[in-house]
Structure formats: structure tokens, C-alpha cells
Amino acid sequence: MLNIDLHCHSNVSDGVLSPADVVARAVANGVDALALTDHDDVAGIASARAAADAAGMTLIPGVEISVSWGGQTVHIVGLRIDPAHPELAAGLHGIRVGRIERAQRMAADLARSGIHGAYDGAFGYTANKEIVGRTHFARWLVAQGHTPDLRTTFKRYLTPGNPGYVEHEWTSLENAVGWIRASGGMAVIAHPGRYAFNARGLHLLLDAFRALGGTGIEVISGSHHPSEYGKFADLARAFGLKASRGADFHAPDEGSDIGCLPALPHYCRPVWHDWPELAIHLSSSMA
Ligand code: AMP
Ligand code: MN
Ligand code: MN
Ligand code: MN
């Protein structure tokens, strides 16, 4: 049984470990193949690949693209992308520029609640100055003593109806799936259990995604409660989508660790079932 984890973050986006350290952690956890899927940036893939090659682990180039669809933010993971593809690179660059402008509005909104200095404060938690997001603001708010931990921070700040939350128009579902496919990759809906759609809204999303050429949904995710795994496995099957597995790891003391979640239910068709780069692990585990 291969240990495959297809969703995690480095400090190129809102994780805390460098890409090489993310790979080292995956290796230590017994992962056979890891996708690095930073938000809206592929800048960590080269160093992650170098570390993975040195350790004999398979690195899948990935990305997690922020999308606006149906009045909500939806995340689309791209797997086996070409990080150098110009259309993908240009699209991601546009999203990063939008993040900077959003951060200014977030900081202005926090200032209206009496919290000043959040823009510079959040940037103090970024390793890559091109990606700033709510997690960086949240880490700064905790460090400033406004809240005890990240979970509480997202309850009181940075979420709809709370200080620091601003509306933002990300890219379209069509663009995200299109860029991923243009670069040779496969599109997967991240953590479908995290969205506030009702059943009909979720079905509409899955239909639209499939019509655009999307391939899979995350079934086993660090953002899903174990009681939800069966529901998303069933939905994948009903909508003709493949299934993915990923911890959505960000930091050693936050959320799920790399490669530590349960395997996919046996009746799922894994997104990786025909990936040639995994054959080496399959032959060595059969030997
Ligand atoms: P952004 O893309 O800048 O809007 O930030 C989204 C990120 O915030 C997610 O990828 C998570 O890392 C983090 N996040 C969102 N909601 C929560 C939450 N309730 N608890 C912890 N982290 C969260
Ligand atoms: Mn994140
Ligand atoms: Mn996400
Ligand atoms: Mn993620």
C-alpha cells in the first residue's frame, strides 16, 4: 500500500517549513509520493524536487488555486502541472497581485476595529513576499495577543462578518481548470467539505467542474471530519470523478501531518491510478 499525500504547503505560501523541509518531513513520515501544492505559487517546486530526488521520494508538482464560484471561494488543486507553463505562470501571478491589494483592504478593516499595523505585521510572517494571506494575518494576531491560537482567530477575525474579512474576487473556475490542463496537469477540487454550499450547490459545482475537464475531488483530507469520508467517496463515484488524498499540512503544530491520514476507501478510483512515476514504488513493493 503506497502512502501518497497530494496536498501540502510550504513557506512559499502559508506553511511554515521550507519546501526542502516539507519533503524531509514527508520522507520521515514514510510518504512514497508527495504533491507540494502551495497557494497560487509554484516557486517551491524546484527545491522540493531536488530534496525529493536526493531522498528517493517522488515529488508531484502541484498548486492550489483560489477561485470564486457560486458566491464562495473554492480551492482547485492542480497535480502533475508544468510549473514553467507560461499561461499557468501568468494566471498565478495575477492572483498574487490581487492578494497584495486584498491584504491592504484587510488591514484597513482591522484598523477600523482598532487593530493597527496588520499589513506590515502579516508580511513579517511571509517568507515569500509575493504570497500574503489570511494565515499570515492570523499568526500575527496570535503573536500580538489578540487571540490564543489560529482556530480562535478564524472564529473572531478574518471570516465573513468579522473584522479583517473583505470580499475578494479570485479567478474563475474555468480559468483555474484551464491553466492546469494547459500545463499538462489534472484538476482536483480541494476539501469539498469546507464549502458552505447546500447539496444542490455542491452538485452544481461538481457538474460545472466536470464539464470544464476537472478530474477529481479530495475524499480523504485534513479538512474533512472522518465521518465525511464516505459521503465524498460516494459523491466522487456518482459524478464520475476520481478520488484524492491529502493532509493539507501547513505546520507541525497545526492540523493534520503529512501522510498520516487513512487510505482511500477501497471502492474509490485514485487520481494516481495510472501515473507512470509511481510504477517504481509499485514494483519495489512487490519485489
Ligand atoms: P486565504 O487564501 O489567504 O484566504 O487563506 C486561506 C487559508 O487560511 C487556508 O488555506 C487555511 O490555511 C487558512 N484557514 C482558513 N480558515 C481557517 C480556520 N478556520 N482555521 C485555520 N486555518 C484556516
Ligand atoms: Mn492555507
Ligand atoms: Mn484550501
Ligand atoms: Mn491547502
# chains A, B, ... in the order shown; residues from 1 in each chain; ligands from 1

$ select_by_dssp --residues "stretch 35-214 of chain A" --states "alpha helix (DSSP H)" --output "ChimeraX atom specification"
/A:45-55,86-112,118-123,134-143,150-156,173-182,199-211

$ closest_atom_pairs --of "chain A" --to "ligand 4" --cutoff "7 Å" --atoms "only C-alpha atoms and all ligand atoms" --output "tab-separated table"
residue	atom	partner	partner_atom_place_in_ligand_line	distance
A:His7	CA	ligand 4	1 (Mn)	6.2
A:Cys8	CA	ligand 4	1 (Mn)	6.0
A:His9	CA	ligand 4	1 (Mn)	6.4
A:Thr37	CA	ligand 4	1 (Mn)	6.9
A:Asp38	CA	ligand 4	1 (Mn)	6.9
A:His39	CA	ligand 4	1 (Mn)	6.8
A:Glu64	CA	ligand 4	1 (Mn)	6.4
A:Asp248	CA	ligand 4	1 (Mn)	4.7

$ residues_around --residues "stretch 112-123 of chain A" --least-positions-apart "2" --cutoff "7 Å" --atoms "only C-alpha atoms" --output "ChimeraX atom specification"
/A:103-104,107-110,125-126,132,136-137,140,163

$ write_last_selection --atoms "all heavy atoms" --output "compact mmCIF listing (two decimals), in the first residue's frame"
# COMPACT_ATOMS: atom_id res chain seq x y z
N ALA A 103 -4.83 42.33 0.89
CA ALA A 103 -4.20 42.47 2.21
C ALA A 103 -4.30 43.91 2.71
O ALA A 103 -4.49 44.15 3.91
CB ALA A 103 -2.73 42.03 2.15
N GLN A 104 -4.19 44.87 1.78
CA GLN A 104 -4.33 46.28 2.18
C GLN A 104 -5.74 46.54 2.70
O GLN A 104 -5.93 47.20 3.72
CB GLN A 104 -4.01 47.19 0.99
CG GLN A 104 -2.52 47.16 0.63
CD GLN A 104 -2.22 47.77 -0.74
OE1 GLN A 104 -3.12 47.93 -1.58
NE2 GLN A 104 -0.96 48.08 -0.97
N ALA A 107 -6.15 44.90 6.16
CA ALA A 107 -5.50 45.68 7.21
C ALA A 107 -6.33 46.92 7.54
O ALA A 107 -6.48 47.29 8.71
CB ALA A 107 -4.09 46.06 6.79
N ALA A 108 -6.89 47.57 6.51
CA ALA A 108 -7.71 48.75 6.74
C ALA A 108 -8.95 48.38 7.54
O ALA A 108 -9.39 49.12 8.43
CB ALA A 108 -8.11 49.38 5.40
N ASP A 109 -9.52 47.21 7.27
CA ASP A 109 -10.70 46.78 8.02
C ASP A 109 -10.35 46.48 9.48
O ASP A 109 -11.10 46.83 10.38
CB ASP A 109 -11.31 45.54 7.34
CG ASP A 109 -12.72 45.27 7.85
OD1 ASP A 109 -13.60 46.12 7.57
OD2 ASP A 109 -12.93 44.26 8.53
N LEU A 110 -9.19 45.86 9.71
CA LEU A 110 -8.76 45.60 11.09
C LEU A 110 -8.52 46.93 11.81
O LEU A 110 -8.85 47.06 13.00
CB LEU A 110 -7.49 44.74 11.11
CG LEU A 110 -7.71 43.25 10.79
CD1 LEU A 110 -6.36 42.55 10.53
CD2 LEU A 110 -8.46 42.54 11.92
N TYR A 125 5.35 37.61 8.68
CA TYR A 125 5.20 36.15 8.74
C TYR A 125 5.28 35.50 7.36
O TYR A 125 5.00 34.31 7.22
CB TYR A 125 3.88 35.79 9.44
CG TYR A 125 3.99 36.02 10.92
CD1 TYR A 125 3.80 37.29 11.46
CD2 TYR A 125 4.37 34.99 11.77
CE1 TYR A 125 3.96 37.52 12.81
CE2 TYR A 125 4.54 35.21 13.13
CZ TYR A 125 4.33 36.48 13.64
OH TYR A 125 4.52 36.70 14.98
N THR A 126 5.65 36.27 6.33
CA THR A 126 5.79 35.70 4.99
C THR A 126 7.26 35.46 4.68
O THR A 126 8.10 36.32 4.95
CB THR A 126 5.23 36.65 3.91
OG1 THR A 126 5.93 37.89 3.99
CG2 THR A 126 3.73 36.89 4.09
N VAL A 132 0.73 36.67 0.36
CA VAL A 132 0.26 37.03 1.69
C VAL A 132 -1.19 36.62 1.78
O VAL A 132 -1.95 36.76 0.83
CB VAL A 132 0.47 38.55 1.97
CG1 VAL A 132 -0.32 39.42 1.01
CG2 VAL A 132 0.15 38.88 3.43
N HIS A 136 -1.22 34.40 7.42
CA HIS A 136 -0.16 35.30 7.91
C HIS A 136 -0.74 36.35 8.85
O HIS A 136 -0.15 36.66 9.88
CB HIS A 136 0.56 35.96 6.72
CG HIS A 136 1.12 34.98 5.74
ND1 HIS A 136 0.59 34.81 4.48
CD2 HIS A 136 2.12 34.06 5.85
CE1 HIS A 136 1.26 33.86 3.85
NE2 HIS A 136 2.19 33.38 4.65
N PHE A 137 -1.91 36.88 8.50
CA PHE A 137 -2.59 37.81 9.41
C PHE A 137 -2.93 37.09 10.72
O PHE A 137 -2.78 37.64 11.80
CB PHE A 137 -3.88 38.35 8.76
CG PHE A 137 -3.67 39.48 7.80
CD1 PHE A 137 -3.31 39.22 6.48
CD2 PHE A 137 -3.82 40.80 8.20
CE1 PHE A 137 -3.12 40.26 5.57
CE2 PHE A 137 -3.61 41.85 7.30
CZ PHE A 137 -3.27 41.58 5.99
N TRP A 140 0.04 36.65 13.01
CA TRP A 140 0.40 37.94 13.61
C TRP A 140 -0.60 38.29 14.73
O TRP A 140 -0.20 38.73 15.81
CB TRP A 140 0.43 39.03 12.54
CG TRP A 140 0.73 40.40 13.08
CD1 TRP A 140 1.96 40.89 13.43
CD2 TRP A 140 -0.21 41.45 13.34
NE1 TRP A 140 1.84 42.17 13.90
CE2 TRP A 140 0.52 42.55 13.86
CE3 TRP A 140 -1.59 41.57 13.20
CZ2 TRP A 140 -0.09 43.75 14.22
CZ3 TRP A 140 -2.20 42.77 13.55
CH2 TRP A 140 -1.45 43.84 14.06
N PRO A 163 -14.05 41.23 11.86
CA PRO A 163 -13.02 42.19 11.45
C PRO A 163 -11.92 41.51 10.64
O PRO A 163 -11.52 40.38 10.93
CB PRO A 163 -12.46 42.71 12.79
CG PRO A 163 -13.54 42.47 13.79
CD PRO A 163 -14.27 41.24 13.32

$ residues_near_ligand --ligand "ligand 3" --cutoff "9 Å" --atoms "only C-alpha atoms and all ligand atoms" --output "MDAnalysis selection string"
chainID A and resid 7 39 64:66 74:77 190:191 194 223 248

$ write_last_selection --atoms "all heavy atoms" --output "mmCIF file, in the first residue's frame"
data_model
loop_
_atom_site.group_PDB
_atom_site.id
_atom_site.type_symbol
_atom_site.label_atom_id
_atom_site.label_comp_id
_atom_site.auth_asym_id
_atom_site.auth_seq_id
_atom_site.Cartn_x
_atom_site.Cartn_y
_atom_site.Cartn_z
ATOM 1 N N HIS A 7 -1.495 17.016 -1.033
ATOM 2 C CA HIS A 7 -1.889 18.384 -0.681
ATOM 3 C C HIS A 7 -1.088 18.837 0.541
ATOM 4 O O HIS A 7 -1.282 18.317 1.642
ATOM 5 C CB HIS A 7 -3.401 18.431 -0.378
ATOM 6 C CG HIS A 7 -3.957 19.818 -0.213
ATOM 7 N ND1 HIS A 7 -5.267 20.125 -0.523
ATOM 8 C CD2 HIS A 7 -3.406 20.972 0.227
ATOM 9 C CE1 HIS A 7 -5.494 21.404 -0.280
ATOM 10 N NE2 HIS A 7 -4.372 21.951 0.181
ATOM 11 N N HIS A 39 -0.458 27.683 -2.231
ATOM 12 C CA HIS A 39 -1.498 28.565 -2.748
ATOM 13 C C HIS A 39 -0.927 29.477 -3.835
ATOM 14 O O HIS A 39 -0.011 30.278 -3.580
ATOM 15 C CB HIS A 39 -2.042 29.478 -1.635
ATOM 16 C CG HIS A 39 -2.734 28.785 -0.512
ATOM 17 N ND1 HIS A 39 -3.997 28.247 -0.634
ATOM 18 C CD2 HIS A 39 -2.365 28.550 0.774
ATOM 19 C CE1 HIS A 39 -4.370 27.729 0.530
ATOM 20 N NE2 HIS A 39 -3.400 27.893 1.410
ATOM 21 N N GLU A 64 -2.337 25.011 -5.488
ATOM 22 C CA GLU A 64 -3.735 25.136 -5.037
ATOM 23 C C GLU A 64 -4.214 26.522 -5.452
ATOM 24 O O GLU A 64 -3.737 27.531 -4.925
ATOM 25 C CB GLU A 64 -3.840 24.946 -3.517
ATOM 26 C CG GLU A 64 -5.284 25.029 -3.021
ATOM 27 C CD GLU A 64 -5.446 24.735 -1.524
ATOM 28 O OE1 GLU A 64 -4.442 24.754 -0.783
ATOM 29 O OE2 GLU A 64 -6.597 24.491 -1.097
ATOM 30 N N ILE A 65 -5.137 26.565 -6.406
ATOM 31 C CA ILE A 65 -5.561 27.832 -6.999
ATOM 32 C C ILE A 65 -6.849 28.331 -6.345
ATOM 33 O O ILE A 65 -7.819 27.585 -6.181
ATOM 34 C CB ILE A 65 -5.764 27.682 -8.525
ATOM 35 C CG1 ILE A 65 -4.477 27.149 -9.186
ATOM 36 C CG2 ILE A 65 -6.160 29.016 -9.144
ATOM 37 C CD1 ILE A 65 -4.560 27.032 -10.708
ATOM 38 N N SER A 66 -6.852 29.618 -5.975
ATOM 39 C CA SER A 66 -8.012 30.259 -5.349
ATOM 40 C C SER A 66 -8.986 30.708 -6.432
ATOM 41 O O SER A 66 -8.607 31.435 -7.349
ATOM 42 C CB SER A 66 -7.568 31.475 -4.533
ATOM 43 O OG SER A 66 -6.495 31.157 -3.668
ATOM 44 N N VAL A 74 -13.528 28.784 -3.661
ATOM 45 C CA VAL A 74 -13.318 27.346 -3.854
ATOM 46 C C VAL A 74 -11.847 27.156 -4.221
ATOM 47 O O VAL A 74 -11.282 27.978 -4.947
ATOM 48 C CB VAL A 74 -14.245 26.815 -4.974
ATOM 49 C CG1 VAL A 74 -13.882 25.388 -5.359
ATOM 50 C CG2 VAL A 74 -15.709 26.911 -4.543
ATOM 51 N N HIS A 75 -11.239 26.104 -3.688
ATOM 52 C CA HIS A 75 -9.827 25.841 -3.998
ATOM 53 C C HIS A 75 -9.705 24.664 -4.952
ATOM 54 O O HIS A 75 -10.285 23.603 -4.717
ATOM 55 C CB HIS A 75 -9.047 25.556 -2.707
ATOM 56 C CG HIS A 75 -8.800 26.784 -1.885
ATOM 57 N ND1 HIS A 75 -8.293 26.763 -0.606
ATOM 58 C CD2 HIS A 75 -8.987 28.093 -2.189
ATOM 59 C CE1 HIS A 75 -8.172 28.000 -0.166
ATOM 60 N NE2 HIS A 75 -8.592 28.827 -1.095
ATOM 61 N N ILE A 76 -8.944 24.876 -6.022
ATOM 62 C CA ILE A 76 -8.707 23.829 -7.016
ATOM 63 C C ILE A 76 -7.232 23.442 -6.985
ATOM 64 O O ILE A 76 -6.352 24.285 -7.197
ATOM 65 C CB ILE A 76 -9.082 24.318 -8.439
ATOM 66 C CG1 ILE A 76 -10.547 24.798 -8.480
ATOM 67 C CG2 ILE A 76 -8.824 23.212 -9.467
ATOM 68 C CD1 ILE A 76 -11.581 23.738 -8.188
ATOM 69 N N VAL A 77 -6.978 22.174 -6.688
ATOM 70 C CA VAL A 77 -5.613 21.667 -6.689
ATOM 71 C C VAL A 77 -5.254 21.203 -8.096
ATOM 72 O O VAL A 77 -6.038 20.491 -8.740
ATOM 73 C CB VAL A 77 -5.479 20.515 -5.665
ATOM 74 C CG1 VAL A 77 -4.199 19.725 -5.887
ATOM 75 C CG2 VAL A 77 -5.519 21.064 -4.244
ATOM 76 N N ALA A 190 -10.348 20.797 -4.030
ATOM 77 C CA ALA A 190 -9.801 20.642 -2.677
ATOM 78 C C ALA A 190 -10.926 20.602 -1.652
ATOM 79 O O ALA A 190 -11.949 21.278 -1.804
ATOM 80 C CB ALA A 190 -8.844 21.786 -2.367
ATOM 81 N N HIS A 191 -10.720 19.810 -0.624
ATOM 82 C CA HIS A 191 -11.589 19.760 0.568
ATOM 83 C C HIS A 191 -13.044 20.200 0.323
ATOM 84 O O HIS A 191 -13.465 21.236 0.854
ATOM 85 C CB HIS A 191 -10.987 20.577 1.710
ATOM 86 C CG HIS A 191 -10.396 21.925 1.309
ATOM 87 N ND1 HIS A 191 -11.129 22.945 0.770
ATOM 88 C CD2 HIS A 191 -9.127 22.392 1.361
ATOM 89 C CE1 HIS A 191 -10.356 23.978 0.528
ATOM 90 N NE2 HIS A 191 -9.124 23.655 0.878
ATOM 91 N N ARG A 194 -15.361 21.713 3.029
ATOM 92 C CA ARG A 194 -15.137 23.007 3.678
ATOM 93 C C ARG A 194 -16.088 24.092 3.184
ATOM 94 O O ARG A 194 -16.182 25.172 3.774
ATOM 95 C CB ARG A 194 -13.709 23.486 3.403
ATOM 96 C CG ARG A 194 -12.647 22.899 4.281
ATOM 97 C CD ARG A 194 -12.120 23.917 5.316
ATOM 98 N NE ARG A 194 -11.530 25.096 4.717
ATOM 99 C CZ ARG A 194 -10.217 25.293 4.601
ATOM 100 N NH1 ARG A 194 -9.386 24.371 5.020
ATOM 101 N NH2 ARG A 194 -9.765 26.394 4.080
ATOM 102 N N SER A 223 -8.931 18.536 6.086
ATOM 103 C CA SER A 223 -10.035 19.463 6.338
ATOM 104 C C SER A 223 -11.380 18.746 6.444
ATOM 105 O O SER A 223 -12.404 19.409 6.594
ATOM 106 C CB SER A 223 -10.122 20.494 5.209
ATOM 107 O OG SER A 223 -8.987 21.323 5.205
ATOM 108 N N ASP A 248 -3.325 18.473 3.667
ATOM 109 C CA ASP A 248 -3.375 19.934 3.709
ATOM 110 C C ASP A 248 -2.504 20.436 4.863
ATOM 111 O O ASP A 248 -2.875 21.354 5.595
ATOM 112 C CB ASP A 248 -4.824 20.425 3.849
ATOM 113 C CG ASP A 248 -5.016 21.847 3.327
ATOM 114 O OD1 ASP A 248 -4.031 22.477 2.927
ATOM 115 O OD2 ASP A 248 -6.176 22.305 3.333
#

$ select_by_dssp --residues "stretch 111-276 of chain A" --states "strand (DSSP E or B)" --output "PyMOL selection string"
chain A and resi 171+186-189+216-221+242-246+249+251+254+270

$ write_last_selection --atoms "C-alpha atoms" --output "JSON list (two decimals), in the first residue's frame"
[["chain", "number", "residue", "atom", "x", "y", "z"],
["A", 171, "THR", "CA", -10.06, 33.84, -10.66],
["A", 186, "MET", "CA", -5.04, 17.30, -13.62],
["A", 187, "ALA", "CA", -7.55, 19.41, -11.66],
["A", 188, "VAL", "CA", -8.95, 18.28, -8.29],
["A", 189, "ILE", "CA", -11.48, 20.07, -6.05],
["A", 216, "GLY", "CA", -11.14, 14.51, -9.15],
["A", 217, "ILE", "CA", -12.16, 15.58, -5.65],
["A", 218, "GLU", "CA", -10.38, 15.20, -2.36],
["A", 219, "VAL", "CA", -12.06, 12.45, -0.36],
["A", 220, "ILE", "CA", -9.52, 11.98, 2.43],
["A", 221, "SER", "CA", -8.50, 15.46, 3.56],
["A", 242, "LYS", "CA", -11.51, 10.22, -9.21],
["A", 243, "ALA", "CA", -10.55, 10.47, -5.55],
["A", 244, "SER", "CA", -7.55, 12.18, -3.93],
["A", 245, "ARG", "CA", -5.92, 12.11, -0.51],
["A", 246, "GLY", "CA", -4.04, 14.97, 1.15],
["A", 249, "PHE", "CA", -0.38, 20.16, 6.04],
["A", 251, "ALA", "CA", 2.76, 23.46, 10.17],
["A", 254, "GLU", "CA", -1.42, 23.00, 13.14],
["A", 270, "PRO", "CA", -7.48, 7.13, -7.10]]

$ residues_around --residues "A:Arg105" --least-positions-apart "3" --cutoff "10 Å" --atoms "only C-alpha atoms" --output "list in words"
Arg99, Ile100, Glu101, Arg102, Ala108, Asp109, Leu110, Ala111, Tyr119, Gly164, Tyr165, Val166, Glu167 and His168 of chain A

$ write_last_selection --atoms "N, CA, C and O atoms" --output "PDB file, in the first residue's frame"
ATOM      1  N   ARG A  99      -3.779  39.362  -4.204  1.00  0.00           N
ATOM      2  CA  ARG A  99      -3.622  39.102  -2.761  1.00  0.00           C
ATOM      3  C   ARG A  99      -3.040  40.307  -2.022  1.00  0.00           C
ATOM      4  O   ARG A  99      -3.415  40.586  -0.880  1.00  0.00           O
ATOM      5  N   ILE A 100      -2.094  41.017  -2.679  1.00  0.00           N
ATOM      6  CA  ILE A 100      -1.467  42.189  -2.037  1.00  0.00           C
ATOM      7  C   ILE A 100      -2.520  43.281  -1.841  1.00  0.00           C
ATOM      8  O   ILE A 100      -2.625  43.882  -0.766  1.00  0.00           O
ATOM      9  N   GLU A 101      -3.307  43.495  -2.873  1.00  0.00           N
ATOM     10  CA  GLU A 101      -4.358  44.526  -2.798  1.00  0.00           C
ATOM     11  C   GLU A 101      -5.402  44.130  -1.749  1.00  0.00           C
ATOM     12  O   GLU A 101      -5.858  44.948  -0.956  1.00  0.00           O
ATOM     13  N   ARG A 102      -5.755  42.826  -1.697  1.00  0.00           N
ATOM     14  CA  ARG A 102      -6.699  42.358  -0.678  1.00  0.00           C
ATOM     15  C   ARG A 102      -6.128  42.573   0.719  1.00  0.00           C
ATOM     16  O   ARG A 102      -6.851  42.972   1.645  1.00  0.00           O
ATOM     17  N   ALA A 108      -6.893  47.566   6.505  1.00  0.00           N
ATOM     18  CA  ALA A 108      -7.714  48.751   6.741  1.00  0.00           C
ATOM     19  C   ALA A 108      -8.952  48.377   7.544  1.00  0.00           C
ATOM     20  O   ALA A 108      -9.393  49.119   8.427  1.00  0.00           O
ATOM     21  N   ASP A 109      -9.518  47.212   7.270  1.00  0.00           N
ATOM     22  CA  ASP A 109     -10.700  46.775   8.016  1.00  0.00           C
ATOM     23  C   ASP A 109     -10.346  46.479   9.476  1.00  0.00           C
ATOM     24  O   ASP A 109     -11.097  46.829  10.384  1.00  0.00           O
ATOM     25  N   LEU A 110      -9.194  45.856   9.705  1.00  0.00           N
ATOM     26  CA  LEU A 110      -8.760  45.597  11.089  1.00  0.00           C
ATOM     27  C   LEU A 110      -8.521  46.930  11.815  1.00  0.00           C
ATOM     28  O   LEU A 110      -8.855  47.063  13.004  1.00  0.00           O
ATOM     29  N   ALA A 111      -7.959  47.905  11.092  1.00  0.00           N
ATOM     30  CA  ALA A 111      -7.687  49.210  11.711  1.00  0.00           C
ATOM     31  C   ALA A 111      -8.987  49.863  12.178  1.00  0.00           C
ATOM     32  O   ALA A 111      -9.026  50.507  13.226  1.00  0.00           O
ATOM     33  N   TYR A 119      -0.872  45.116   8.226  1.00  0.00           N
ATOM     34  CA  TYR A 119      -0.278  44.838   6.906  1.00  0.00           C
ATOM     35  C   TYR A 119       1.203  44.486   7.059  1.00  0.00           C
ATOM     36  O   TYR A 119       1.640  43.412   6.626  1.00  0.00           O
ATOM     37  N   GLY A 164     -11.447  42.207   9.601  1.00  0.00           N
ATOM     38  CA  GLY A 164     -10.356  41.685   8.779  1.00  0.00           C
ATOM     39  C   GLY A 164     -10.830  40.877   7.593  1.00  0.00           C
ATOM     40  O   GLY A 164     -10.027  40.480   6.762  1.00  0.00           O
ATOM     41  N   TYR A 165     -12.154  40.613   7.506  1.00  0.00           N
ATOM     42  CA  TYR A 165     -12.654  39.888   6.328  1.00  0.00           C
ATOM     43  C   TYR A 165     -13.109  40.887   5.276  1.00  0.00           C
ATOM     44  O   TYR A 165     -13.873  41.805   5.577  1.00  0.00           O
ATOM     45  N   VAL A 166     -12.658  40.708   4.063  1.00  0.00           N
ATOM     46  CA  VAL A 166     -13.129  41.525   2.943  1.00  0.00           C
ATOM     47  C   VAL A 166     -13.507  40.600   1.796  1.00  0.00           C
ATOM     48  O   VAL A 166     -12.930  39.530   1.625  1.00  0.00           O
ATOM     49  N   GLU A 167     -14.505  41.024   1.041  1.00  0.00           N
ATOM     50  CA  GLU A 167     -14.861  40.276  -0.165  1.00  0.00           C
ATOM     51  C   GLU A 167     -13.690  40.348  -1.138  1.00  0.00           C
ATOM     52  O   GLU A 167     -12.970  41.350  -1.184  1.00  0.00           O
ATOM     53  N   HIS A 168     -13.514  39.285  -1.900  1.00  0.00           N
ATOM     54  CA  HIS A 168     -12.440  39.316  -2.898  1.00  0.00           C
ATOM     55  C   HIS A 168     -12.838  38.461  -4.086  1.00  0.00           C
ATOM     56  O   HIS A 168     -13.376  37.373  -3.916  1.00  0.00           O
TER      57      HIS A 168
END

$ residues_around --residues "A:Ala84" --least-positions-apart "3" --cutoff "12 Å" --atoms "only C-alpha atoms" --output "PyMOL selection string"
chain A and resi 41-43+45-46+61-62+80-81+87-92+179-180+182-184

$ atom_distance --atom1 "atom CA of A:Leu205" --atom2 "atom CA of A:Thr73"
11.8 Å

$ residues_near_ligand --ligand "ligand 1" --cutoff "7 Å" --atoms "only C-alpha atoms and all ligand atoms" --output "MDAnalysis selection string"
chainID A and resid 14 39 66 132:135 150:151 154:155 250

$ write_last_selection --atoms "C-alpha atoms" --output "CSV table (one decimal), in the first residue's frame"
chain,number,residue,atom,x,y,z
A,14,ASP,CA,1.1,29.8,4.2
A,39,HIS,CA,-1.5,28.6,-2.7
A,66,SER,CA,-8.0,30.3,-5.3
A,132,VAL,CA,0.3,37.0,1.7
A,133,GLY,CA,-2.9,35.6,3.0
A,134,ARG,CA,-5.2,35.2,6.0
A,135,THR,CA,-2.9,32.7,7.7
A,150,LEU,CA,-5.2,30.1,15.0
A,151,ARG,CA,-8.6,28.3,15.4
A,154,PHE,CA,-10.5,32.4,12.4
A,155,LYS,CA,-13.6,32.4,14.7
A,250,HIS,CA,0.7,23.7,7.0

$ closest_residue --among "A:Val271, A:Leu141, A:Val16, A:Ala199" --to "ligand 2" --atoms "only C-alpha atoms and all ligand atoms"
A:Val16

$ closest_residue --among "A:Ile131, A:Ala48, A:Ala233, A:Leu34" --to "ligand 2" --atoms "only C-alpha atoms and all ligand atoms"
A:Ile131

$ residues_around --residues "A:Ala52" --least-positions-apart "4" --cutoff "9 Å" --atoms "only C-alpha atoms" --output "VMD selection string"
chain A and resid 20 23 to 24 27 34 47 to 48 56 to 59

$ write_last_selection --atoms "C-alpha atoms" --output "mmCIF file, in the first residue's frame"
data_model
loop_
_atom_site.group_PDB
_atom_site.id
_atom_site.type_symbol
_atom_site.label_atom_id
_atom_site.label_comp_id
_atom_site.auth_asym_id
_atom_site.auth_seq_id
_atom_site.Cartn_x
_atom_site.Cartn_y
_atom_site.Cartn_z
ATOM 1 C CA ALA A 20 13.019 21.028 1.362
ATOM 2 C CA VAL A 23 9.918 16.940 1.767
ATOM 3 C CA ALA A 24 12.152 15.795 4.666
ATOM 4 C CA VAL A 27 10.157 11.159 3.961
ATOM 5 C CA LEU A 34 4.088 13.934 -2.195
ATOM 6 C CA SER A 47 13.850 22.939 -4.369
ATOM 7 C CA ALA A 48 11.243 20.379 -3.271
ATOM 8 C CA GLY A 56 14.403 8.851 -3.392
ATOM 9 C CA MET A 57 10.854 10.115 -2.881
ATOM 10 C CA THR A 58 8.512 11.021 -5.745
ATOM 11 C CA LEU A 59 7.606 14.716 -5.894
#

$ closest_residue --among "A:Met106, A:Arg181, A:Ala247, A:Ala55" --to "A:Ala28" --atoms "only C-alpha atoms"
A:Ala55

$ closest_residue --among "A:Gly259, A:Gly145, A:Gly30, A:Gly78" --to "A:Val177" --atoms "only C-alpha atoms"
A:Gly78

$ closest_residue --among "A:Val97, A:Ala211, A:Ile280, A:Val12" --to "ligand 2" --atoms "only C-alpha atoms and all ligand atoms"
A:Val12

$ closest_residue --among "A:Asp274, A:Asp40, A:Asp32, A:Asp149" --to "ligand 2" --atoms "only C-alpha atoms and all ligand atoms"
A:Asp40

$ residues_around --residues "A:Leu282" --least-positions-apart "4" --cutoff "12 Å" --atoms "only C-alpha atoms" --output "JSON, numbers by chain"
{"A": [1, 2, 3, 32, 33, 273, 274, 275, 276, 277, 278, 286, 287]}

$ write_last_selection --atoms "C-alpha atoms" --output "PDB file, in the first residue's frame"
ATOM      1  CA  MET A   1       0.000   0.000   0.000  1.00  0.00           C
ATOM      2  CA  LEU A   2       1.600   3.260  -1.095  1.00  0.00           C
ATOM      3  CA  ASN A   3       1.478   6.309   1.149  1.00  0.00           C
ATOM      4  CA  ASP A  32       6.168   7.489  -1.121  1.00  0.00           C
ATOM      5  CA  ALA A  33       4.834  10.358  -3.258  1.00  0.00           C
ATOM      6  CA  HIS A 273      -4.077   5.062 -10.631  1.00  0.00           C
ATOM      7  CA  ASP A 274      -2.311   5.435 -13.988  1.00  0.00           C
ATOM      8  CA  TRP A 275       0.617   7.697 -13.066  1.00  0.00           C
ATOM      9  CA  PRO A 276       3.799   6.227 -14.553  1.00  0.00           C
ATOM     10  CA  GLU A 277       6.064   7.874 -11.938  1.00  0.00           C
ATOM     11  CA  LEU A 278       4.535   5.623  -9.253  1.00  0.00           C
ATOM     12  CA  MET A 286       6.054  -6.231  -4.969  1.00  0.00           C
ATOM     13  CA  ALA A 287       9.675  -7.430  -5.048  1.00  0.00           C
TER      14      ALA A 287
END
